[in-house]
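Chemist: Below you'll find protein.txt; it's compact mmCIF, C-alpha atoms.
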# COMPACT_ATOMS: atom_id res chain seq x y z
CA MET A 1 54.22 73.06 -31.80
CA ASN A 2 52.45 74.60 -34.78
CA GLU A 3 55.70 74.92 -36.78
CA ARG A 4 56.42 71.19 -36.78
CA ASN A 5 57.20 69.62 -40.12
CA LEU A 6 57.45 65.84 -39.83
CA LEU A 7 57.74 62.82 -42.10
CA ILE A 8 57.08 59.71 -39.98
CA VAL A 9 57.89 56.66 -42.10
CA SER A 10 57.21 53.05 -41.12
CA THR A 11 60.32 51.53 -42.70
CA SER A 12 63.31 52.42 -44.85
CA THR A 13 62.96 49.39 -47.11
CA VAL A 14 59.96 47.49 -48.42
CA HIS A 15 60.24 44.02 -49.89
CA GLY A 16 61.78 43.91 -53.34
CA LYS A 17 62.81 47.58 -53.50
CA PRO A 18 66.08 49.40 -52.74
CA TYR A 19 66.66 51.56 -49.67
CA LEU A 20 64.06 54.38 -49.40
CA SER A 21 63.16 54.04 -53.09
CA TYR A 22 59.44 53.58 -52.47
CA CYS A 23 59.07 57.04 -50.94
CA GLU A 24 61.91 58.95 -52.61
CA GLU A 25 59.64 61.47 -54.33
CA THR A 26 58.10 62.33 -50.98
CA ILE A 27 61.57 62.70 -49.44
CA GLN A 28 62.68 65.05 -52.23
CA SER A 29 59.60 67.18 -51.79
CA PHE A 30 59.84 67.16 -48.01
CA PHE A 31 63.46 68.34 -47.83
CA GLU A 32 63.21 70.78 -50.73
CA GLY A 33 65.26 73.86 -49.90
CA ALA A 34 67.42 72.13 -47.27
CA ASN A 35 71.09 72.87 -47.95
CA GLU A 36 72.15 69.82 -45.94
CA VAL A 37 70.36 66.99 -44.14
CA ILE A 38 71.95 65.72 -40.93
CA PHE A 39 71.67 61.97 -40.42
CA ILE A 40 71.26 60.53 -36.92
CA PRO A 41 72.76 57.00 -37.10
CA PHE A 42 72.56 56.10 -33.42
CA ALA A 43 70.03 53.25 -33.79
CA ARG A 44 72.77 51.13 -35.46
CA PRO A 45 70.75 48.40 -37.25
CA GLY A 46 72.51 45.05 -36.91
CA GLY A 47 75.15 46.74 -34.77
CA ILE A 48 76.86 48.48 -37.72
CA SER A 49 79.04 51.51 -37.05
CA HIS A 50 77.86 55.09 -37.28
CA ASP A 51 80.13 55.64 -40.29
CA GLU A 52 78.77 52.58 -42.11
CA TYR A 53 75.18 53.57 -41.49
CA THR A 54 75.75 57.18 -42.52
CA ALA A 55 77.34 55.99 -45.77
CA ILE A 56 74.19 54.04 -46.65
CA ALA A 57 71.90 57.00 -46.00
CA ALA A 58 74.22 59.53 -47.64
CA LYS A 59 74.44 57.51 -50.84
CA LYS A 60 70.67 57.72 -51.22
CA PHE A 61 70.32 61.35 -50.20
CA ASN A 62 73.21 62.42 -52.43
CA ALA A 63 71.43 60.72 -55.34
CA LEU A 64 68.32 62.75 -54.47
CA GLY A 65 70.35 65.95 -54.56
CA PHE A 66 71.06 66.54 -50.85
CA LYS A 67 74.31 66.86 -48.94
CA MET A 68 74.44 64.68 -45.82
CA ARG A 69 76.67 64.24 -42.80
CA GLY A 70 76.22 62.05 -39.76
CA LEU A 71 75.55 63.81 -36.47
CA HIS A 72 78.42 61.85 -34.92
CA GLU A 73 80.84 63.65 -37.26
CA PHE A 74 80.26 67.01 -35.57
CA GLU A 75 82.40 68.03 -32.60
CA ASP A 76 79.36 69.72 -31.04
CA PRO A 77 76.13 67.89 -31.98
CA LYS A 78 73.92 70.46 -30.24
CA SER A 79 75.40 73.30 -32.25
CA ALA A 80 75.00 71.29 -35.44
CA LEU A 81 71.31 70.72 -34.74
CA ALA A 82 70.85 74.37 -33.76
CA VAL A 83 71.43 75.44 -37.35
CA ALA A 84 70.22 72.34 -39.21
CA SER A 85 67.45 72.79 -41.75
CA GLY A 86 66.65 69.08 -41.90
CA VAL A 87 67.29 65.88 -39.94
CA PHE A 88 66.80 62.21 -40.83
CA THR A 89 66.87 59.64 -38.03
CA GLY A 90 67.32 56.11 -39.33
CA GLY A 91 65.92 52.86 -38.02
CA GLY A 92 67.52 50.13 -35.95
CA ASN A 93 67.14 49.60 -32.23
CA THR A 94 64.91 52.17 -30.54
CA PHE A 95 66.40 51.65 -27.08
CA VAL A 96 69.93 52.22 -28.36
CA LEU A 97 68.79 55.34 -30.25
CA LEU A 98 66.97 56.91 -27.31
CA ASP A 99 69.78 56.05 -24.89
CA GLN A 100 72.37 57.80 -27.07
CA LEU A 101 70.20 60.87 -27.61
CA GLN A 102 69.71 61.14 -23.86
CA LYS A 103 73.40 60.72 -23.06
CA LEU A 104 74.30 63.48 -25.53
CA GLY A 105 71.59 65.74 -24.12
CA LEU A 106 69.87 66.10 -27.49
CA ILE A 107 66.22 65.40 -26.63
CA GLU A 108 65.30 68.99 -25.77
CA THR A 109 67.43 70.32 -28.61
CA ILE A 110 65.53 68.27 -31.20
CA LYS A 111 62.17 69.17 -29.67
CA THR A 112 63.01 72.87 -29.67
CA ARG A 113 64.31 72.85 -33.23
CA VAL A 114 61.24 70.98 -34.53
CA SER A 115 59.01 73.53 -32.81
CA GLU A 116 60.96 76.20 -34.70
CA GLY A 117 60.39 74.52 -38.05
CA MET A 118 63.36 72.19 -38.56
CA LYS A 119 62.28 69.36 -40.86
CA TYR A 120 62.39 65.96 -39.16
CA MET A 121 62.16 62.62 -40.95
CA GLY A 122 62.32 59.27 -39.20
CA THR A 123 62.05 55.66 -40.26
CA SER A 124 61.30 52.74 -37.93
CA ALA A 125 63.14 53.57 -34.67
CA GLY A 126 63.49 57.15 -35.87
CA SER A 127 59.70 57.22 -36.17
CA ASN A 128 59.14 55.46 -32.84
CA ILE A 129 60.84 58.30 -30.98
CA THR A 130 58.49 60.94 -32.42
CA GLY A 131 55.73 59.59 -30.16
CA LEU A 132 55.12 60.07 -26.46
CA THR A 133 57.09 56.99 -25.37
CA ILE A 134 58.95 54.08 -26.96
CA ASN A 135 56.81 51.53 -25.07
CA THR A 136 55.26 50.29 -28.31
CA THR A 137 58.52 49.58 -30.16
CA ASN A 138 59.13 46.05 -31.46
CA ASP A 139 62.79 46.10 -30.37
CA MET A 140 64.71 44.30 -27.64
CA PRO A 141 65.88 46.47 -24.71
CA ILE A 142 69.59 45.89 -25.34
CA ALA A 143 70.36 49.34 -23.92
CA HIS A 144 68.74 51.04 -20.94
CA PRO A 145 67.68 54.67 -21.46
CA ALA A 146 67.15 56.74 -18.33
CA THR A 147 63.47 57.03 -19.29
CA LEU A 148 61.26 55.56 -22.01
CA ASP A 149 59.75 58.98 -22.66
CA ALA A 150 60.41 59.95 -26.27
CA LEU A 151 60.45 63.25 -28.19
CA GLY A 152 56.70 63.80 -27.94
CA LEU A 153 56.57 65.52 -31.34
CA VAL A 154 53.12 63.95 -31.75
CA PRO A 155 50.70 63.18 -28.88
CA PHE A 156 50.38 59.45 -29.54
CA ASN A 157 52.54 56.35 -29.86
CA LEU A 158 53.76 54.57 -32.98
CA ASN A 159 54.10 50.93 -33.89
CA PRO A 160 56.07 50.92 -37.17
CA HIS A 161 56.28 47.73 -39.25
CA TYR A 162 52.82 46.87 -37.99
CA LEU A 163 51.91 43.30 -38.97
CA ASP A 164 48.40 41.88 -39.17
CA PRO A 165 47.72 38.44 -37.64
CA ASP A 166 48.25 35.60 -40.12
CA PRO A 167 45.38 33.12 -39.77
CA THR A 168 47.43 30.42 -41.53
CA SER A 169 50.46 30.75 -39.28
CA LYS A 170 51.33 28.04 -36.76
CA HIS A 171 53.33 30.48 -34.67
CA MET A 172 51.92 30.55 -31.15
CA GLY A 173 53.51 33.82 -29.98
CA GLU A 174 51.63 37.03 -29.38
CA THR A 175 50.53 39.18 -32.31
CA ARG A 176 51.25 42.91 -32.53
CA GLU A 177 47.61 43.56 -31.72
CA THR A 178 47.89 41.46 -28.57
CA ARG A 179 51.00 43.33 -27.47
CA ILE A 180 49.34 46.71 -27.98
CA LYS A 181 46.31 45.49 -26.02
CA GLU A 182 48.69 44.64 -23.18
CA PHE A 183 50.14 48.15 -23.43
CA HIS A 184 46.66 49.63 -23.07
CA THR A 185 46.16 47.74 -19.81
CA TYR A 186 48.57 50.27 -18.27
CA ASN A 187 48.57 53.24 -20.69
CA ASP A 188 45.89 55.33 -22.35
CA GLN A 189 47.60 57.03 -25.29
CA ILE A 190 46.48 56.18 -28.82
CA VAL A 191 48.77 53.88 -30.82
CA VAL A 192 49.04 54.08 -34.61
CA GLY A 193 49.96 50.79 -36.28
CA LEU A 194 51.90 51.97 -39.33
CA ARG A 195 52.28 49.31 -42.00
CA GLU A 196 55.39 49.03 -44.17
CA GLY A 197 54.94 51.22 -47.23
CA SER A 198 53.03 53.96 -45.38
CA TRP A 199 53.98 57.19 -43.66
CA LEU A 200 52.46 60.08 -41.72
CA ARG A 201 52.93 63.66 -42.88
CA VAL A 202 52.57 66.26 -40.14
CA GLU A 203 52.45 69.99 -40.91
CA GLY A 204 51.70 72.17 -37.91
CA ASP A 205 48.36 70.97 -36.53
CA TYR A 206 47.48 68.96 -39.64
CA ILE A 207 48.27 65.27 -40.14
CA ARG A 208 47.56 62.84 -42.97
CA LEU A 209 48.37 59.23 -43.85
CA GLU A 210 50.15 58.70 -47.16
CA GLY A 211 51.08 55.61 -49.14
CA PRO A 212 48.99 52.70 -50.46
CA LEU A 213 47.90 51.13 -47.17
CA SER A 214 45.57 51.85 -44.28
CA ALA A 215 46.74 52.31 -40.69
CA ARG A 216 45.39 50.44 -37.67
CA ILE A 217 44.33 52.65 -34.78
CA PHE A 218 44.33 51.41 -31.19
CA GLU A 219 42.53 53.26 -28.41
CA GLN A 220 42.23 52.08 -24.83
CA GLY A 221 38.91 50.30 -24.25
CA LYS A 222 37.92 50.30 -27.93
CA THR A 223 38.00 47.76 -30.72
CA PRO A 224 40.93 48.53 -33.07
CA TYR A 225 39.89 50.07 -36.38
CA GLU A 226 41.27 50.97 -39.79
CA LEU A 227 41.76 54.43 -41.30
CA THR A 228 42.74 55.03 -44.92
CA PRO A 229 44.63 57.96 -46.49
CA GLU A 230 41.23 59.43 -47.36
CA ASP A 231 40.16 59.54 -43.70
CA ASP A 232 40.58 62.40 -41.22
CA PHE A 233 43.58 61.88 -38.91
CA ASN A 234 43.52 65.31 -37.28
CA PHE A 235 41.89 63.98 -34.10
CA LEU A 236 45.28 62.40 -33.30
CA LEU A 237 46.78 65.83 -32.69
CA LYS A 238 44.06 67.09 -30.35
Output the file's structure in the form of structure tokens.
Modeler:
Amino acid sequence: MNERNLLIVSTSTVHGKPYLSYCEETIQSFFEGANEVIFIPFARPGGISHDEYTAIAAKKFNALGFKMRGLHEFEDPKSALAVASGVFTGGGNTFVLLDQLQKLGLIETIKTRVSEGMKYMGTSAGSNITGLTINTTNDMPIAHPATLDALGLVPFNLNPHYLDPDPTSKHMGETRETRIKEFHTYNDQIVVGLREGSWLRVEGDYIRLEGPLSARIFEQGKTPYELTPEDDFNFLLK
């Protein structure tokens, strides 16, 4: 998959800033040359309609100079993706997103097009599905995909919106780190805890962390550790 061109973003909105504003320069640069960006609205945050969600994304992308239509607007989604130069998959519920992509038979189409160089951007759930499986999503399984296997555009799993334990909190539930440790009891793939405000940029066989924050890396049988944007992330693709 040496033609892949990915922008894997933790979240669409960070506290105190409008939708996608914190990474808009990166988005403009990433999609430069794309005549139209197709939006995949299937994750439906808060249960909103595909039209409502597409309108939110299109308003931002239009302001950045890009045309945008929702994938649901096309009579033949596969044909639309076959000629798309860029795709943005928004956040919401990862189970709902994967279930819809499977039902429409779009998993292999997206994988093939990314391998051919189609630009793919995801936020939250749209980032979750770039990994090997969606087992490390934070979402409730309100839909039931045929399999939890994801797009496999990168050979590891994601945990977007990663939150560090709060030592002052009185909440007695499990932390994200605890949940990922449970995951590694049964699975051996690396998990990248991607904090809000950060993103991964993948170009062919090269990957880097961008944004102001470090990422937390989880490997089976190892103590979790931090990597900064200055560190080498290329081992994740090997």
Chemist: Could you tell me how far CA of Ile129 (chain A) lies from CA of Tyr162 (chain A), in Å and to one decimal?
Modeler: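 It comes out at 15.6 Å.
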Chemist: When you count only C-alpha atoms, which of these residues is closest to Gly204 (chain A): A:Leu98, A:Val114, A:Val9, A:Ala63?
Modeler: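 Smallest distance to Gly204 (chain A) is found for A:Val114.
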Chemist: What does the distance from CA of Pro145 (chain A) to CA of Thr133 (chain A) come to in Å, to one decimal?
Modeler: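 Computed distance, CA of Pro145 (chain A) to CA of Thr133 (chain A), equals 11.5 Å.
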Chemist: In terms of the shortest atom-to-atom distance over all atoms listed in the file, which of A:Lys181, A:Lys111, A:Arg216, A:Arg208 is closest to Leu163 (chain A)?
Modeler: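 Answer, going by the shortest atom-to-atom distance: A:Arg216.
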Chemist: Leaving out Glu203 (chain A) and any residue of its chain fewer than 6 positions from it, which residues lie within 7 Å of it when counting all atoms listed in the file, given as a short mmCIF file (atom, residue, chain, number, x, y, z; two decimals) with C-alpha atoms, in the coordinates of the input?
Modeler:
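Result went into out-v5.cif, see below:
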data_model
loop_
_atom_site.label_atom_id
_atom_site.label_comp_id
_atom_site.auth_asym_id
_atom_site.auth_seq_id
_atom_site.Cartn_x
_atom_site.Cartn_y
_atom_site.Cartn_z
CA ARG A 4 56.42 71.19 -36.78
CA ASN A 5 57.20 69.62 -40.12
CA LEU A 6 57.45 65.84 -39.83
#
Chemist: Could you list, as a short mmCIF file (atom, residue, chain, number, x, y, z; two decimals) with C-alpha atoms, keeping the file's coordinate frame, every residue within 8 Å of Phe95 (chain A), counting all atoms listed in the file and ignoring same-chain residues fewer than 3 positions away?
Modeler:
data_model
loop_
_atom_site.label_atom_id
_atom_site.label_comp_id
_atom_site.auth_asym_id
_atom_site.auth_seq_id
_atom_site.Cartn_x
_atom_site.Cartn_y
_atom_site.Cartn_z
CA ALA A 43 70.03 53.25 -33.79
CA LEU A 98 66.97 56.91 -27.31
CA ASP A 99 69.78 56.05 -24.89
CA ILE A 134 58.95 54.08 -26.96
CA ASP A 139 62.79 46.10 -30.37
CA MET A 140 64.71 44.30 -27.64
CA PRO A 141 65.88 46.47 -24.71
CA ILE A 142 69.59 45.89 -25.34
CA ALA A 143 70.36 49.34 -23.92
CA HIS A 144 68.74 51.04 -20.94
CA PRO A 145 67.68 54.67 -21.46
#
Chemist: Between A:Met118, A:Leu237, A:Leu227, A:Leu104, which one has atoms that come closest to Leu81 (chain A), using all atoms listed in the file?
Modeler: A:Met118
Chemist: Identify the residues around (63.8, 69.2, -43.3) within a radius of 10 Å, measuring from all atoms listed in the file in the coordinates stated by the file, and give them as a PyMOL selection string.
Modeler: chain A and resi 5-7+27-38+84-88+114+117-121
Chemist: Would you pick out the contacts of Ser124 (chain A) at 7 Å or less, using all atoms listed in the file, so that residues sharing its chain but fewer than 5 positions from it are not included, and give the list as a list in words?
Modeler: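 My reading of the contact set: Val9, Ser10, Thr11, Gly91 and Pro160 of chain A.
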Chemist: Please compute the CA of Lys60 (chain A)-CA of Cys23 (chain A) distance, one decimal, in Å.
Modeler: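 CA of Lys60 (chain A) sits 11.6 Å away from CA of Cys23 (chain A).
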Chemist: Please determine, counting all atoms listed in the file, which residue among A:Glu24, A:Asp166, A:Glu219, A:Glu226 has the shortest atom-to-atom distance to Ile190 (chain A).
Modeler: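 Among the listed residues, the smallest separation from Ile190 (chain A) belongs to A:Glu219.
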Chemist: Looking at A:Pro41, A:Asn135, A:Leu106, A:Tyr22, which one is nearest to Tyr186 (chain A), with distances taken over all atoms listed in the file?
Modeler: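 Using all atoms listed in the file, the shortest distance to Tyr186 (chain A) belongs to A:Asn135.
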Chemist: Between A:Asn138, A:Thr89, A:Thr26, A:Asn157, which one has atoms that come closest to Asp188 (chain A), using only C-alpha atoms?
Modeler: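 Counting only C-alpha atoms, the residue closest to Asp188 (chain A) is A:Asn157.
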Chemist: Restrict the calculation to only C-alpha atoms, then for each residue of region 104-201 of chain A with any atom at most 12 Å from an atom of region 209-212 of chain A give the closest atom pair and their distance in Å to one decimal, rows by chain and rising residue number, as a Markdown table.
Modeler:
| residue | atom | partner | partner_atom | distance |
| --- | --- | --- | --- | --- |
| A:Val192 | CA | A:Leu209 | CA | 10.6 |
| A:Gly193 | CA | A:Leu209 | CA | 11.4 |
| A:Leu194 | CA | A:Leu209 | CA | 9.3 |
| A:Arg195 | CA | A:Gly211 | CA | 9.6 |
| A:Glu196 | CA | A:Gly211 | CA | 9.3 |
| A:Gly197 | CA | A:Gly211 | CA | 6.1 |
| A:Ser198 | CA | A:Gly211 | CA | 4.5 |
| A:Trp199 | CA | A:Glu210 | CA | 5.4 |
| A:Leu200 | CA | A:Leu209 | CA | 4.7 |
| A:Arg201 | CA | A:Leu209 | CA | 6.4 |
Chemist: Can you rebuild region 143-165 of chain A with N, CA and C atoms and give it as a tab-separated table (two decimals), keeping the file's coordinate frame?
Modeler:
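What ended up in out-v4.tsv:
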chain	number	residue	atom	x	y	z
A	143	ALA	N	69.79	48.20	-24.65
A	143	ALA	CA	70.36	49.34	-23.92
A	143	ALA	C	69.28	49.85	-22.98
A	144	HIS	N	69.69	50.63	-21.98
A	144	HIS	CA	68.74	51.04	-20.94
A	144	HIS	C	68.70	52.56	-20.81
A	145	PRO	N	67.82	53.22	-21.58
A	145	PRO	CA	67.68	54.67	-21.46
A	145	PRO	C	67.23	55.05	-20.05
A	146	ALA	N	67.55	56.26	-19.66
A	146	ALA	CA	67.15	56.74	-18.33
A	146	ALA	C	65.64	56.77	-18.19
A	147	THR	N	64.93	57.04	-19.27
A	147	THR	CA	63.47	57.03	-19.29
A	147	THR	C	63.02	56.55	-20.66
A	148	LEU	N	61.82	56.00	-20.73
A	148	LEU	CA	61.26	55.56	-22.01
A	148	LEU	C	60.46	56.68	-22.67
A	149	ASP	N	60.40	57.83	-22.04
A	149	ASP	CA	59.75	58.98	-22.66
A	149	ASP	C	60.52	59.37	-23.92
A	150	ALA	N	59.79	59.64	-24.99
A	150	ALA	CA	60.41	59.95	-26.27
A	150	ALA	C	60.34	61.45	-26.56
A	151	LEU	N	60.42	61.82	-27.83
A	151	LEU	CA	60.45	63.25	-28.19
A	151	LEU	C	59.11	63.94	-27.99
A	152	GLY	N	58.01	63.19	-28.10
A	152	GLY	CA	56.70	63.80	-27.94
A	152	GLY	C	56.38	64.83	-29.01
A	153	LEU	N	56.87	64.60	-30.23
A	153	LEU	CA	56.57	65.52	-31.34
A	153	LEU	C	55.13	65.36	-31.80
A	154	VAL	N	54.54	64.19	-31.52
A	154	VAL	CA	53.12	63.95	-31.75
A	154	VAL	C	52.54	63.35	-30.47
A	155	PRO	N	51.26	63.61	-30.17
A	155	PRO	CA	50.70	63.18	-28.88
A	155	PRO	C	50.10	61.78	-28.90
A	156	PHE	N	50.81	60.85	-29.52
A	156	PHE	CA	50.38	59.45	-29.54
A	156	PHE	C	51.62	58.57	-29.68
A	157	ASN	N	51.43	57.27	-29.68
A	157	ASN	CA	52.54	56.35	-29.86
A	157	ASN	C	52.49	55.72	-31.24
A	158	LEU	N	53.64	55.23	-31.68
A	158	LEU	CA	53.76	54.57	-32.98
A	158	LEU	C	54.09	53.10	-32.80
A	159	ASN	N	53.61	52.29	-33.73
A	159	ASN	CA	54.10	50.93	-33.89
A	159	ASN	C	54.44	50.73	-35.37
A	160	PRO	N	55.66	51.13	-35.78
A	160	PRO	CA	56.07	50.92	-37.17
A	160	PRO	C	56.20	49.43	-37.49
A	161	HIS	N	56.23	49.12	-38.77
A	161	HIS	CA	56.28	47.73	-39.25
A	161	HIS	C	55.08	46.93	-38.77
A	162	TYR	N	53.96	47.60	-38.55
A	162	TYR	CA	52.82	46.87	-37.99
A	162	TYR	C	52.45	45.69	-38.89
A	163	LEU	N	52.26	44.53	-38.25
A	163	LEU	CA	51.91	43.30	-38.97
A	163	LEU	C	50.53	42.81	-38.52
A	164	ASP	N	49.70	42.46	-39.48
A	164	ASP	CA	48.40	41.88	-39.17
A	164	ASP	C	48.55	40.41	-38.80
A	165	PRO	N	47.67	39.87	-37.96
A	165	PRO	CA	47.72	38.44	-37.64
A	165	PRO	C	47.56	37.60	-38.91
